[in-house]
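Asker: For reference, the structure I am asking about is given below.
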Amino acid sequence: MTEERLRHLLGIRDLSKTLAERILDTAETFLEVTRRPVRKVPTLRGKTVLNLFFEASTRTRSSFELAGKRLGADVMNVGGSSSSTSKGETLRDTVATLDAMHADVIVVRHGASGAASYVAQRARAAVINAGDGMHEHPSQALLDSFTIRRHKKSLQGLRVAICGDIAHSRVARSNALLLPMLGAEVVLAGPRTLLPLGVESWGVKSYDRLEPALKNADVVMMLRIQKERLGARLFSTLREYSQQFGLTSARLALAKSDAVVMHPGPVNRGVEIADDIVDGSRSLILDQVEAGVAVRMAILYLCATDPDQSIGA
Ligand code: NCD
């Protein structure tokens, strides 16, 4: 039987439950590859992956680059101040230029919500959204689910509290769509001014205090304040924010005794999360980073190959 194909990954709505689980299962195989002494398979040999990043990134950009390289693809990084956008070129012309170079996959990060679908409408290549403004970050949600599944065996019935600046977070948005699809319950917590307008329509519970969200949580996912996206002042001071919404050991005690703590990074230590929790035994923050490479290998593989081509592992 021919498997469902992943044409682009622009948001979680591009995925069925079957396809999302197929990405997570494929990533298990690739995680094993990334732990070998020789961390490379020839699956995407002869394919070209272009990383088009217009916003700062450490984890996402380097893990897409490593993922492509570990699959044997040619990977090139474009964007930022070194590209012609800084000379006034439009996104449309940049995409047409890169598409003329016969990229197989374009991975795009951009400050504007909807930028990845704009690129997808204009490119022959498969397009992966690596974060578009405040909209979505689907590969992050997939690696988060992968990390949770590895630690808790299944997502079914788990309570995941996503806490912090929800309104400006593409990570929260993608996770709020994917986790319930995979059987988990999502609850959100943040100051009222940092909860998105119309959050009721997300179909998940939200609180303007941390404590009720943490109660009985299996997973606590903390988010950074997106300073670069804050328009007006939406909270008084960072110190006050930290006092009310920072994750401390005392607050973590409200969650289940085996609860784990996650953060997509970058972490602002001492603001949304205490130092000792970041480095503590319940933190999965570096597991998320490791999972990121394997999950992005799975996404690239499914976007760049025929549905029935074998992994070659
Ligand atoms: C996130 C992002 O860029 O949306 N980071 C990431 O990809 N790991 C979250 C953030 O910037 O706070």
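By order in the structure tokens, chains are A, B, ...; within a chain, residues start at 1; ligands start at 1, following the order shown.
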Distance limit 6 Å, reference ligand 1, atoms considered: only C-alpha atoms and all ligand atoms. Which residues make the cut? Give them as a PyMOL selection string.
Answerer: chain A and resi 59-60+131+170-171+224+264-266
Asker: So which residues of region 173-313 of chain A fall under helix (DSSP H, G or I) by DSSP, listed as a count of residues only?
Answerer: 60
Asker: Any idea what's packed within 12 Å of Gly203 (chain A), counting only C-alpha atoms, ignoring anything in its chain fewer than 5 positions away? Could you give it as a PyMOL selection string?
Answerer: chain A and resi 173+176-177+179-181+185-188+198
Asker: Would you write out those residues with N, CA and C atoms, as a short mmCIF file (atom, residue, chain, number, x, y, z; two decimals), in the first residue's frame?
Answerer:
data_model
loop_
_atom_site.label_atom_id
_atom_site.label_comp_id
_atom_site.auth_asym_id
_atom_site.auth_seq_id
_atom_site.Cartn_x
_atom_site.Cartn_y
_atom_site.Cartn_z
N ARG A 173 1.22 27.20 20.08
CA ARG A 173 0.15 26.98 19.10
C ARG A 173 0.27 25.60 18.46
N ALA A 176 -0.47 22.89 21.04
CA ALA A 176 -1.89 22.83 21.41
C ALA A 176 -2.70 22.10 20.35
N LEU A 177 -2.17 22.02 19.13
CA LEU A 177 -2.86 21.27 18.08
C LEU A 177 -2.41 19.80 18.07
N LEU A 179 -0.61 17.85 20.47
CA LEU A 179 -0.72 16.98 21.66
C LEU A 179 -2.12 16.37 21.81
N PRO A 180 -3.21 17.17 21.67
CA PRO A 180 -4.53 16.54 21.76
C PRO A 180 -4.77 15.52 20.64
N MET A 181 -4.22 15.78 19.46
CA MET A 181 -4.37 14.82 18.35
C MET A 181 -3.76 13.46 18.75
N GLU A 185 -3.89 15.78 27.13
CA GLU A 185 -4.71 16.95 27.48
C GLU A 185 -3.76 18.14 27.66
N VAL A 186 -4.08 19.27 27.03
CA VAL A 186 -3.24 20.46 27.18
C VAL A 186 -3.93 21.49 28.05
N VAL A 187 -3.21 22.06 29.01
CA VAL A 187 -3.72 23.23 29.74
C VAL A 187 -2.69 24.35 29.60
N LEU A 188 -3.18 25.58 29.50
CA LEU A 188 -2.29 26.72 29.29
C LEU A 188 -2.31 27.61 30.52
N GLY A 198 -9.18 35.06 22.11
CA GLY A 198 -9.93 33.94 21.54
C GLY A 198 -9.34 32.59 21.89
#
Asker: I'd like the contact shell of Arg45 (chain A) - 10 Å cut-off, only C-alpha atoms, skipping same-chain residues fewer than 2 positions apart - returned as a PyMOL selection string.
Answerer: chain A and resi 41-43+47-48+68-74
Asker: Could you check the closest approach to Leu98 (chain A) for each of A:Gly164, A:Gly246, A:Gly231, A:Gly79 and tell me which residue wins, using only C-alpha atoms?
Answerer: A:Gly79
Asker: Residues near Asn129 (chain A), anyone? I mean within 12 Å using only C-alpha atoms, not counting same-chain ones fewer than 4 positions away, as an MDAnalysis selection string.
Answerer: chainID A and resid 8:12 14 51:53 60:61 64 105:120 133 135:141 170:171 174 296 299:300
Asker: Please provide the set of residues having any atom within 12 Å of Met297 (chain A), restricted to only C-alpha atoms, with same-chain residues fewer than 6 positions apart removed, written as a PyMOL selection string.
Answerer: chain A and resi 23-34+39-44+49+63-73+139+142-143+290-291+303-305+311+313
Asker: If you run DSSP over the backbone, which residues in region 221-301 of chain A end up strand (DSSP E or B)? Put them as a PyMOL selection string.
Answerer: chain A and resi 221-222+247+260-262+269+273+283
Asker: Any chance you can output those residues with N, CA and C atoms as a compact mmCIF listing (two decimals), in the first residue's frame?
Answerer:
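Result file follows (out_33.txt):
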# COMPACT_ATOMS: atom_id res chain seq x y z
N MET A 221 5.71 22.41 30.48
CA MET A 221 6.49 23.00 29.38
C MET A 221 6.54 24.51 29.60
N MET A 222 7.73 25.04 29.84
CA MET A 222 7.87 26.47 30.12
C MET A 222 8.29 27.21 28.85
N LEU A 247 8.89 29.05 37.20
CA LEU A 247 8.80 27.70 37.75
C LEU A 247 9.91 27.50 38.77
N VAL A 260 7.82 15.68 34.33
CA VAL A 260 9.07 16.12 33.69
C VAL A 260 8.90 17.56 33.23
N VAL A 261 10.04 18.23 33.05
CA VAL A 261 10.02 19.66 32.69
C VAL A 261 10.67 19.84 31.33
N MET A 262 10.01 20.63 30.49
CA MET A 262 10.54 20.86 29.14
C MET A 262 10.60 22.37 28.85
N ARG A 269 17.24 31.83 32.17
CA ARG A 269 17.38 31.29 33.53
C ARG A 269 16.99 32.32 34.57
N ILE A 273 12.07 30.15 34.56
CA ILE A 273 12.41 28.86 35.17
C ILE A 273 13.67 29.01 36.02
N SER A 283 14.56 17.60 34.24
CA SER A 283 14.60 18.42 33.03
C SER A 283 14.89 17.56 31.79
Asker: To one decimal place in Å, what is the distance between CA of Arg229 (chain A) and CA of Pro196 (chain A)?
Answerer: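 Pair CA of Arg229 (chain A) / CA of Pro196 (chain A) returns 13.1 Å.
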